2 protein chains.
Amino acid sequence: MEKKQIPYKIYLQENELPKQWYNVRADMKNKPAPLLNPGTGQPLTLDELSPIFCEELCRQELDNDTAFFDIPAEILDFYKMYRPSPLVRAYFLEKALGTPAHIYYKFEGNNTSGSHKLNSAIAQAYYAKKQGLKGVTTETGAGQWGTAMSMACAYFGLDCHVFMVKCSYEQKPFRREVMRTYGAQVTPSPSMTTNVGRKLLEEFPDTTGSLGCAISEAVEAAVSNEGYRYVLGSVLNQVLLHQTVIGLETKAALDKYGIKPDIIIGCAGGGSNLGGLVSPFVGEMLRGEADYRIIAVEPASCPSFTRGKFAYDFCDTGMICPLAKMYTLGSQFIPSANHAGGLRFHGMSTILSQLYHDGLMEAVAVEQTSVFEAAEMFARIEGTLPAPESSHAIRVAIDEALKCKETGEEKTIVFGLTGTGYFDLKAYESFNDGTMTDVIPSDEDIAASLARLPEVRIR
Amino acid sequence: MEKKQIPYKIYLQENELPKQWYNVRADMKNKPAPLLNPGTGQPLTLDELSPIFCEELCRQELDNDTAFFDIPAEILDFYKMYRPSPLVRAYFLEKALGTPAHIYYKFEGNNTSGSHKLNSAIAQAYYAKKQGLKGVTTETGAGQWGTAMSMACAYFGLDCHVFMVKCSYEQKPFRREVMRTYGAQVTPSPSMTTNVGRKLLEEFPDTTGSLGCAISEAVEAAVSNEGYRYVLGSVLNQVLLHQTVIGLETKAALDKYGIKPDIIIGCAGGGSNLGGLVSPFVGEMLRGEADYRIIAVEPASCPSFTRGKFAYDFCDTGMICPLAKMYTLGSQFIPSANHAGGLRFHGMSTILSQLYHDGLMEAVAVEQTSVFEAAEMFARIEGTLPAPESSHAIRVAIDEALKCKETGEEKTIVFGLTGTGYFDLKAYESFNDGTMTDVIPSDEDIAASLARLPEVRIR
């Protein structure tokens, strides 16, 4: 069969955009383990969750059975502001590598938040508005999620209070200004405004912060203020659900041209982009309809899949959040400050953790200097300066394409280019200056952190 | 006739992209006045121009007759990396304003240079490569052109030496890092590396620089180095020619849906984006096929159209460049340092100057705080944080849409959203802090600057 000429960029038409999110849990035989109440050791109920999260989002969080959720009209409208995102055929990169592989990337960076995070931010803001809330609190690491949430809250007229991991806050003053332009309040974390923050600063006055700690502060701020709820940009089932718009669009674009991928690659911090990208494909695998190689790429400095433990752990440093069964490095693990960009979370989505545990995914950890080499190469060849996070996926996509060059295999590789690096120039500067280093946690460090995992038995 | 449903974003298909640039000079009865050799007062010849610019670009510069130039295949390929750019229907903005007007914007910011500048950068790099040059020198104000040129040079393996206006260099360290990531050498201007720079620094040691001065330095660096030529990101006929890809795509997208604009709005610094956007429409006006209101928007702090003089002047502060007949504030005019962003050039494209002189265009000057008010509003409503330059056009588009609200007219307004403001957060910060001010040059200042215009008579 003669294949259609593949354009450089495949844009779906507006009427081809997904109208439902896909919940991969519905097709999983081994469901992800439930979130537990750390006090009782019992699975969390809707009543227990809803003081923290918006009610409709709690429902999505707990629903392991409904395969499709209608995307509300207001969210579909907002999606049209910056979606569909293009599925790009990396013709230039293929040529530069001299590989027979066909490389595609789903590019989520063409919006001011600079990443895929907006897909869930707008959904969470919508449900907060619908519930009649005044506003939300949240945390941000690299700043993408905070920006996305600020944009979404501006759209619905909600307050937005962002706790930003201190090292990012200092490295990225301009991220703060974007959030302010969208009307958000931004506080460096740890801060003196919460009990969790004050306690941590007493113990470690020089800490550069962590996503886990910022989460604790944001949760505390939400539950102590009437009319506020907490929103989280990754890890949670609800977030993966919203992010499936990425995978559904990708699949629709590939199907339109009769393309079947062999390998699907995504970077993994908390897992939302990877989960969103691969869910529809994993669904096919779970239903026995197709087979793919799925590769999660994580930083060697925060290697939850490849060096963590599949166990119940706190989602936050302050140990006030629910317990999740996931691949974790321990909630007290803080990646080295020299690690650039996001993907700093100690744990991983429970859905992805279960899929990985069940052998449906592979994982690989890569060092940041090799990630930035791939990033620079990609920028010069494909024209887009990628986010450090996304560049983890680029690194492995290039490696796989080079393997194809050796074997002569014409594999089809799809990866997620989650965002742009326009606010990561400090990291690029250290790479350009040759001062960037790789710091990999020692076995002892990881063992010490894992030794502090909570003891959990479901009663 | 029932109109087709207009999507939020109109993307042309790859096979609908323009394959030729359109040269509006071919349809102008009153041609733009020729560039003059400042030494002889005679029109510049190809031989005189080609030590400065690439030869093929000189031909394009001087050609007032050829209506269409084929876009070389290598450039068409590169265009596919980031084009077509979307023509966006501003449904959200229309709704927020409550206007019956239909608002569209052509968005050129979805590439790492962050603006339309890449359209000409890649063309100029291509011709430099084809001529066998080692590299190019250039200047950059806000940083968009320098980034674009760095990207284009990286693609063709050319050296790129960028003189960056000092106040931008200091305000935008991250712009410098993007250029470095693409392999460019970046020098703050005025610098001690050129005669022009040294002389200016002696006279005004505290100067924050100007585009005119950076141009002088870059030209000097080009002509003093074997195998180098100078490239310029605006003002020149050749640049307007390349930028017509914007207008041709816009027109094709509008035609596809049977939309006829009433008003076309663009910001004007040197004029390249405005000229590129409006050329195909002005062509129709010149041929008597259609009529449009065309509005150039310039900053009140650098108002060449609205307060300048239509006269021969130097294109650069150092007075080593050719003389161009244009609306100018005088080559020694330097806009106040508190003016944010680009559009700092003292003169204007000779093509646009002639069109304005002949009554084919209007011009309006706007103050920067009102520009940033429009920018913030647009960011919150339409989701994209705009460049300060582009926000000049947003300001006037909003003003025109509000007039329609008063009169009830359902006008169709098209404006150019030339780029994103991701590297302009210092300016946004001063706006967010409420410290931004408007500085408008006094009549005396402008008169003093215009008093230094060169005396020119074509012999």
# chains A, B, ... in the order shown; residues from 1 in each chain; ligands from 1

$ residues_around --residues "region 81-94 of chain A" --least-positions-apart "2" --cutoff "8 Å" --atoms "only C-alpha atoms" --output "ChimeraX atom specification"
/A:6-14,17,77-79,96-108,110-111,249-250,253,378,381-382,401 /B:8,382-383

$ interface_residues --of "chain B" --to "chain A" --cutoff "6 Å" --atoms "only C-alpha atoms" --output "PDB file with all heavy atoms, in the first residue's frame"
ATOM      1  N   THR B 112      11.353  29.445  18.039  1.00  0.00           N
ATOM      2  CA  THR B 112      12.225  29.810  19.158  1.00  0.00           C
ATOM      3  C   THR B 112      12.752  31.236  19.072  1.00  0.00           C
ATOM      4  O   THR B 112      13.025  31.860  20.093  1.00  0.00           O
ATOM      5  CB  THR B 112      13.354  28.769  19.305  1.00  0.00           C
ATOM      6  OG1 THR B 112      12.784  27.559  19.816  1.00  0.00           O
ATOM      7  CG2 THR B 112      14.447  29.232  20.265  1.00  0.00           C
ATOM      8  N   PHE B 174      19.081  36.315  28.986  1.00  0.00           N
ATOM      9  CA  PHE B 174      18.665  35.006  28.492  1.00  0.00           C
ATOM     10  C   PHE B 174      18.581  34.968  26.971  1.00  0.00           C
ATOM     11  O   PHE B 174      18.780  33.939  26.342  1.00  0.00           O
ATOM     12  CB  PHE B 174      17.337  34.596  29.129  1.00  0.00           C
ATOM     13  CG  PHE B 174      17.458  34.327  30.605  1.00  0.00           C
ATOM     14  CD1 PHE B 174      16.337  34.234  31.400  1.00  0.00           C
ATOM     15  CD2 PHE B 174      18.702  34.151  31.201  1.00  0.00           C
ATOM     16  CE1 PHE B 174      16.443  33.973  32.768  1.00  0.00           C
ATOM     17  CE2 PHE B 174      18.833  33.899  32.561  1.00  0.00           C
ATOM     18  CZ  PHE B 174      17.690  33.807  33.347  1.00  0.00           C
ATOM     19  N   GLU B 177      21.841  33.930  25.885  1.00  0.00           N
ATOM     20  CA  GLU B 177      22.096  32.494  26.016  1.00  0.00           C
ATOM     21  C   GLU B 177      21.431  31.694  24.905  1.00  0.00           C
ATOM     22  O   GLU B 177      21.954  30.678  24.476  1.00  0.00           O
ATOM     23  CB  GLU B 177      21.635  31.984  27.387  1.00  0.00           C
ATOM     24  CG  GLU B 177      22.537  32.395  28.532  1.00  0.00           C
ATOM     25  CD  GLU B 177      24.020  32.119  28.275  1.00  0.00           C
ATOM     26  OE1 GLU B 177      24.360  31.041  27.756  1.00  0.00           O
ATOM     27  OE2 GLU B 177      24.835  33.001  28.593  1.00  0.00           O
ATOM     28  N   THR B 384      -1.980  34.122  25.119  1.00  0.00           N
ATOM     29  CA  THR B 384      -0.589  34.268  24.683  1.00  0.00           C
ATOM     30  C   THR B 384      -0.010  35.558  25.238  1.00  0.00           C
ATOM     31  O   THR B 384      -0.587  36.637  25.054  1.00  0.00           O
ATOM     32  CB  THR B 384      -0.503  34.293  23.146  1.00  0.00           C
ATOM     33  OG1 THR B 384      -0.972  33.043  22.646  1.00  0.00           O
ATOM     34  CG2 THR B 384       0.942  34.499  22.690  1.00  0.00           C
ATOM     35  N   LEU B 425      10.287  40.026  30.089  1.00  0.00           N
ATOM     36  CA  LEU B 425       9.663  40.018  31.409  1.00  0.00           C
ATOM     37  C   LEU B 425      10.154  41.144  32.305  1.00  0.00           C
ATOM     38  O   LEU B 425       9.469  41.511  33.261  1.00  0.00           O
ATOM     39  CB  LEU B 425       9.838  38.662  32.078  1.00  0.00           C
ATOM     40  CG  LEU B 425       8.758  37.617  31.769  1.00  0.00           C
ATOM     41  CD1 LEU B 425       7.369  38.195  32.004  1.00  0.00           C
ATOM     42  CD2 LEU B 425       8.809  37.077  30.380  1.00  0.00           C
ATOM     43  N   GLU B 429       7.682  43.212  34.303  1.00  0.00           N
ATOM     44  CA  GLU B 429       7.886  43.410  35.744  1.00  0.00           C
ATOM     45  C   GLU B 429       7.641  44.869  36.118  1.00  0.00           C
ATOM     46  O   GLU B 429       6.953  45.163  37.092  1.00  0.00           O
ATOM     47  CB  GLU B 429       9.303  42.984  36.130  1.00  0.00           C
ATOM     48  CG  GLU B 429       9.563  43.034  37.633  1.00  0.00           C
ATOM     49  CD  GLU B 429      10.956  42.506  38.004  1.00  0.00           C
ATOM     50  OE1 GLU B 429      11.833  42.460  37.122  1.00  0.00           O
ATOM     51  OE2 GLU B 429      11.150  42.150  39.176  1.00  0.00           O
TER      52      GLU B 429
END

$ residues_around --residues "region 314-317 of chain B" --least-positions-apart "3" --cutoff "6 Å" --atoms "only C-alpha atoms" --output "NGL selection string"
:B and (212-213 or 215-216 or 321 or 323 or 331-332)

$ write_last_selection --atoms "C-alpha atoms" --output "CSV table (one decimal), in the first residue's frame"
chain,number,residue,atom,x,y,z
B,212,GLY,CA,21.4,52.8,14.7
B,213,CYS,CA,24.7,52.5,16.5
B,215,ILE,CA,24.0,48.7,12.8
B,216,SER,CA,27.1,50.9,12.3
B,321,CYS,CA,25.4,53.3,5.8
B,323,LEU,CA,21.1,57.2,2.6
B,331,SER,CA,19.9,59.3,12.6
B,332,GLN,CA,21.1,60.8,15.9

$ closest_atom_pairs --of "region 188-251 of chain B" --to "region 263-273 of chain B" --cutoff "10 Å" --atoms "only C-alpha atoms" --output "CSV"
residue,atom,partner,partner_atom,distance
B:Gly233,CA,B:Ser272,CA,7.8
B:Ser234,CA,B:Ser272,CA,5.0
B:Val235,CA,B:Gly270,CA,4.5
B:Leu236,CA,B:Ser272,CA,7.8
B:Asn237,CA,B:Ser272,CA,8.5
B:Gln238,CA,B:Ser272,CA,9.4
B:Val239,CA,B:Ser272,CA,6.2
B:Leu240,CA,B:Ser272,CA,4.9
B:Leu241,CA,B:Ser272,CA,8.5
B:His242,CA,B:Ser272,CA,8.8
B:Gln243,CA,B:Asn273,CA,6.4
B:Thr244,CA,B:Asn273,CA,8.3
B:Ile246,CA,B:Asn273,CA,7.9
B:Gly247,CA,B:Asn273,CA,9.1

$ select_by_dssp --residues "region 86-260 of chain B" --states "helix (DSSP H, G or I)" --output "count of residues only"
90

$ residues_around --residues "Glu226 (chain B)" --least-positions-apart "2" --cutoff "12 Å" --atoms "only C-alpha atoms" --output "ChimeraX atom specification"
/B:51-52,132-137,220-224,228-230

$ write_last_selection --atoms "N, CA, C and O atoms" --output "mmCIF file, in the first residue's frame"
data_model
loop_
_atom_site.group_PDB
_atom_site.id
_atom_site.type_symbol
_atom_site.label_atom_id
_atom_site.label_comp_id
_atom_site.auth_asym_id
_atom_site.auth_seq_id
_atom_site.Cartn_x
_atom_site.Cartn_y
_atom_site.Cartn_z
ATOM 1 N N PRO B 51 29.753 44.779 -1.517
ATOM 2 C CA PRO B 51 30.722 44.527 -0.435
ATOM 3 C C PRO B 51 30.058 44.458 0.942
ATOM 4 O O PRO B 51 30.636 43.925 1.885
ATOM 5 N N ILE B 52 28.861 45.021 1.041
ATOM 6 C CA ILE B 52 28.173 45.036 2.343
ATOM 7 C C ILE B 52 27.210 43.852 2.474
ATOM 8 O O ILE B 52 27.236 43.106 3.435
ATOM 9 N N GLY B 132 29.051 31.295 -0.663
ATOM 10 C CA GLY B 132 30.298 30.740 -0.145
ATOM 11 C C GLY B 132 30.928 31.545 0.969
ATOM 12 O O GLY B 132 32.133 31.440 1.222
ATOM 13 N N LEU B 133 30.134 32.358 1.654
ATOM 14 C CA LEU B 133 30.696 33.183 2.738
ATOM 15 C C LEU B 133 30.984 32.351 3.987
ATOM 16 O O LEU B 133 30.445 31.257 4.153
ATOM 17 N N LYS B 134 31.853 32.916 4.858
ATOM 18 C CA LYS B 134 32.154 32.266 6.140
ATOM 19 C C LYS B 134 31.075 32.576 7.168
ATOM 20 O O LYS B 134 30.745 31.743 8.012
ATOM 21 N N GLY B 135 30.596 33.812 7.121
ATOM 22 C CA GLY B 135 29.617 34.186 8.138
ATOM 23 C C GLY B 135 29.039 35.562 7.902
ATOM 24 O O GLY B 135 29.323 36.200 6.870
ATOM 25 N N VAL B 136 28.243 35.987 8.857
ATOM 26 C CA VAL B 136 27.583 37.285 8.754
ATOM 27 C C VAL B 136 27.692 38.034 10.075
ATOM 28 O O VAL B 136 27.925 37.444 11.126
ATOM 29 N N THR B 137 27.559 39.354 9.978
ATOM 30 C CA THR B 137 27.467 40.185 11.177
ATOM 31 C C THR B 137 26.105 40.866 11.159
ATOM 32 O O THR B 137 25.541 41.112 10.092
ATOM 33 N N GLU B 220 30.619 47.820 10.019
ATOM 34 C CA GLU B 220 32.074 47.960 10.066
ATOM 35 C C GLU B 220 32.750 46.597 10.228
ATOM 36 O O GLU B 220 33.740 46.291 9.569
ATOM 37 N N ALA B 221 32.198 45.765 11.110
ATOM 38 C CA ALA B 221 32.784 44.442 11.339
ATOM 39 C C ALA B 221 32.707 43.572 10.083
ATOM 40 O O ALA B 221 33.615 42.779 9.796
ATOM 41 N N ALA B 222 31.633 43.753 9.308
ATOM 42 C CA ALA B 222 31.484 42.940 8.094
ATOM 43 C C ALA B 222 32.483 43.353 7.029
ATOM 44 O O ALA B 222 33.169 42.502 6.450
ATOM 45 N N VAL B 223 32.575 44.661 6.787
ATOM 46 C CA VAL B 223 33.431 45.086 5.672
ATOM 47 C C VAL B 223 34.908 44.963 6.032
ATOM 48 O O VAL B 223 35.762 44.921 5.143
ATOM 49 N N SER B 224 35.238 44.871 7.326
ATOM 50 C CA SER B 224 36.656 44.716 7.684
ATOM 51 C C SER B 224 37.079 43.255 7.807
ATOM 52 O O SER B 224 38.204 42.972 8.170
ATOM 53 N N TYR B 228 32.882 37.871 5.060
ATOM 54 C CA TYR B 228 31.703 38.210 5.862
ATOM 55 C C TYR B 228 30.858 39.251 5.135
ATOM 56 O O TYR B 228 31.364 40.062 4.352
ATOM 57 N N ARG B 229 29.582 39.217 5.386
ATOM 58 C CA ARG B 229 28.701 40.273 4.930
ATOM 59 C C ARG B 229 27.794 40.654 6.090
ATOM 60 O O ARG B 229 27.690 39.919 7.075
ATOM 61 N N TYR B 230 27.162 41.792 5.898
ATOM 62 C CA TYR B 230 26.259 42.310 6.912
ATOM 63 C C TYR B 230 24.833 41.896 6.568
ATOM 64 O O TYR B 230 24.453 41.858 5.397
#

$ residues_around --residues "region 162-168 of chain B" --least-positions-apart "6" --cutoff "7 Å" --atoms "only C-alpha atoms" --output "ChimeraX atom specification"
/B:137-142,146,185-190,208-211,214,218

$ write_last_selection --atoms "N, CA, C and O atoms" --output "mmCIF file, in the first residue's frame"
data_model
loop_
_atom_site.group_PDB
_atom_site.id
_atom_site.type_symbol
_atom_site.label_atom_id
_atom_site.label_comp_id
_atom_site.auth_asym_id
_atom_site.auth_seq_id
_atom_site.Cartn_x
_atom_site.Cartn_y
_atom_site.Cartn_z
ATOM 1 N N THR B 137 27.559 39.354 9.978
ATOM 2 C CA THR B 137 27.467 40.185 11.177
ATOM 3 C C THR B 137 26.105 40.866 11.159
ATOM 4 O O THR B 137 25.541 41.112 10.092
ATOM 5 N N THR B 138 25.621 41.160 12.340
ATOM 6 C CA THR B 138 24.346 41.865 12.386
ATOM 7 C C THR B 138 24.172 42.542 13.739
ATOM 8 O O THR B 138 25.035 42.420 14.615
ATOM 9 N N GLU B 139 23.067 43.266 13.852
ATOM 10 C CA GLU B 139 22.751 43.919 15.116
ATOM 11 C C GLU B 139 21.422 43.355 15.600
ATOM 12 O O GLU B 139 20.662 42.777 14.841
ATOM 13 N N THR B 140 21.141 43.556 16.879
ATOM 14 C CA THR B 140 19.819 43.204 17.371
ATOM 15 C C THR B 140 19.418 44.180 18.463
ATOM 16 O O THR B 140 20.267 44.644 19.223
ATOM 17 N N GLY B 141 18.137 44.532 18.466
ATOM 18 C CA GLY B 141 17.632 45.451 19.483
ATOM 19 C C GLY B 141 17.044 44.634 20.615
ATOM 20 O O GLY B 141 17.728 44.285 21.577
ATOM 21 N N ALA B 142 15.797 44.274 20.485
ATOM 22 C CA ALA B 142 15.127 43.493 21.513
ATOM 23 C C ALA B 142 15.683 42.071 21.588
ATOM 24 O O ALA B 142 15.471 41.378 22.568
ATOM 25 N N GLY B 146 18.483 38.912 16.352
ATOM 26 C CA GLY B 146 19.734 38.213 16.623
ATOM 27 C C GLY B 146 19.498 36.726 16.848
ATOM 28 O O GLY B 146 20.251 35.882 16.351
ATOM 29 N N GLN B 185 28.142 34.550 18.378
ATOM 30 C CA GLN B 185 28.963 35.403 19.249
ATOM 31 C C GLN B 185 28.182 36.698 19.473
ATOM 32 O O GLN B 185 27.753 37.340 18.513
ATOM 33 N N VAL B 186 28.010 37.088 20.720
ATOM 34 C CA VAL B 186 27.167 38.252 21.032
ATOM 35 C C VAL B 186 27.976 39.328 21.750
ATOM 36 O O VAL B 186 28.618 39.050 22.761
ATOM 37 N N THR B 187 27.965 40.558 21.226
ATOM 38 C CA THR B 187 28.726 41.674 21.790
ATOM 39 C C THR B 187 27.772 42.822 22.103
ATOM 40 O O THR B 187 26.987 43.211 21.232
ATOM 41 N N PRO B 188 27.854 43.376 23.328
ATOM 42 C CA PRO B 188 26.996 44.530 23.629
ATOM 43 C C PRO B 188 27.459 45.761 22.859
ATOM 44 O O PRO B 188 28.669 45.988 22.722
ATOM 45 N N SER B 189 26.507 46.548 22.366
ATOM 46 C CA SER B 189 26.834 47.712 21.540
ATOM 47 C C SER B 189 26.327 48.986 22.197
ATOM 48 O O SER B 189 25.193 49.008 22.675
ATOM 49 N N PRO B 190 27.111 50.085 22.214
ATOM 50 C CA PRO B 190 28.414 50.236 21.571
ATOM 51 C C PRO B 190 29.507 49.432 22.278
ATOM 52 O O PRO B 190 29.467 49.264 23.502
ATOM 53 N N THR B 208 23.144 53.919 26.495
ATOM 54 C CA THR B 208 22.591 52.566 26.548
ATOM 55 C C THR B 208 22.476 51.962 25.153
ATOM 56 O O THR B 208 21.940 50.883 24.985
ATOM 57 N N GLY B 209 23.009 52.707 24.172
ATOM 58 C CA GLY B 209 23.031 52.163 22.825
ATOM 59 C C GLY B 209 21.766 52.435 22.045
ATOM 60 O O GLY B 209 20.772 52.932 22.587
ATOM 61 N N SER B 210 21.840 52.161 20.761
ATOM 62 C CA SER B 210 20.680 52.313 19.883
ATOM 63 C C SER B 210 20.847 51.346 18.737
ATOM 64 O O SER B 210 21.949 50.865 18.466
ATOM 65 N N LEU B 211 19.740 51.084 18.087
ATOM 66 C CA LEU B 211 19.805 50.191 16.945
ATOM 67 C C LEU B 211 20.706 50.789 15.872
ATOM 68 O O LEU B 211 21.505 50.096 15.237
ATOM 69 N N ALA B 214 24.318 50.099 16.698
ATOM 70 C CA ALA B 214 24.652 48.675 16.546
ATOM 71 C C ALA B 214 24.783 48.311 15.067
ATOM 72 O O ALA B 214 25.648 47.509 14.681
ATOM 73 N N ALA B 218 28.067 46.676 13.255
ATOM 74 C CA ALA B 218 27.990 45.409 12.517
ATOM 75 C C ALA B 218 28.468 45.574 11.084
ATOM 76 O O ALA B 218 29.169 44.714 10.536
#

$ residues_around --residues "Lys260 (chain A)" --least-positions-apart "5" --cutoff "8 Å" --atoms "only C-alpha atoms" --output "compact mmCIF listing (two decimals) with C-alpha atoms, in the first residue's frame"
# COMPACT_ATOMS: atom_id res chain seq x y z
CA LEU A 254 -1.05 8.80 13.43
CA ASP A 255 -4.18 6.89 12.46
CA THR A 412 8.73 4.44 13.99

$ closest_residue --among "B:Lys4, B:Pro18, B:Gly41, B:Leu402" --to "Pro322 (chain B)" --atoms "only C-alpha atoms"
B:Gly41

$ select_by_dssp --residues "region 53-230 of chain A" --states "strand (DSSP E)" --output "ChimeraX atom specification"
/A:68-70,87-89,102-107,135-140,159-165,185-189,228-230

$ residues_around --residues "Tyr312 (chain B)" --least-positions-apart "5" --cutoff "9 Å" --atoms "only C-alpha atoms" --output "NGL selection string"
:B and (33 or 35-36 or 323-328 or 453-456)

$ write_last_selection --atoms "N, CA, C and O atoms" --output "CSV table (one decimal), in the first residue's frame"
chain,number,residue,atom,x,y,z
B,33,ALA,N,12.1,55.8,-3.2
B,33,ALA,CA,13.3,56.5,-3.7
B,33,ALA,C,14.5,55.6,-3.5
B,33,ALA,O,14.6,54.8,-2.6
B,35,LEU,N,18.2,54.1,-2.7
B,35,LEU,CA,19.3,54.3,-1.7
B,35,LEU,C,20.4,55.1,-2.4
B,35,LEU,O,20.7,54.9,-3.6
B,36,LEU,N,21.0,56.1,-1.6
B,36,LEU,CA,22.0,56.9,-2.2
B,36,LEU,C,23.4,56.6,-1.5
B,36,LEU,O,23.4,56.3,-0.3
B,323,LEU,N,22.2,56.3,2.3
B,323,LEU,CA,21.1,57.2,2.6
B,323,LEU,C,19.8,56.6,2.1
B,323,LEU,O,19.8,56.1,1.0
B,324,ALA,N,18.7,56.7,2.9
B,324,ALA,CA,17.4,56.2,2.4
B,324,ALA,C,16.4,57.3,2.6
B,324,ALA,O,16.5,58.1,3.6
B,325,LYS,N,15.5,57.5,1.6
B,325,LYS,CA,14.5,58.5,1.8
B,325,LYS,C,13.3,57.8,2.5
B,325,LYS,O,12.7,56.9,2.1
B,326,MET,N,13.1,58.4,3.7
B,326,MET,CA,12.1,57.7,4.6
B,326,MET,C,11.6,58.7,5.6
B,326,MET,O,12.2,59.8,5.8
B,327,TYR,N,10.6,58.3,6.3
B,327,TYR,CA,10.2,59.0,7.5
B,327,TYR,C,11.2,58.8,8.6
B,327,TYR,O,11.5,57.6,8.9
B,328,THR,N,11.8,59.9,9.1
B,328,THR,CA,12.9,59.7,10.0
B,328,THR,C,12.8,60.8,11.1
B,328,THR,O,12.3,61.9,10.9
B,453,LEU,N,19.8,66.4,9.9
B,453,LEU,CA,19.6,65.6,8.7
B,453,LEU,C,20.6,66.0,7.6
B,453,LEU,O,20.9,67.2,7.5
B,454,PRO,N,21.1,65.0,6.9
B,454,PRO,CA,22.1,65.4,5.9
B,454,PRO,C,21.5,66.2,4.7
B,454,PRO,O,20.3,65.9,4.4
B,455,GLU,N,22.2,67.0,4.1
B,455,GLU,CA,21.7,67.7,2.9
B,455,GLU,C,22.0,66.9,1.7
B,455,GLU,O,23.1,66.5,1.4
B,456,VAL,N,20.9,66.6,1.0
B,456,VAL,CA,21.1,65.6,-0.1
B,456,VAL,C,20.4,66.2,-1.3
B,456,VAL,O,19.2,66.7,-1.2
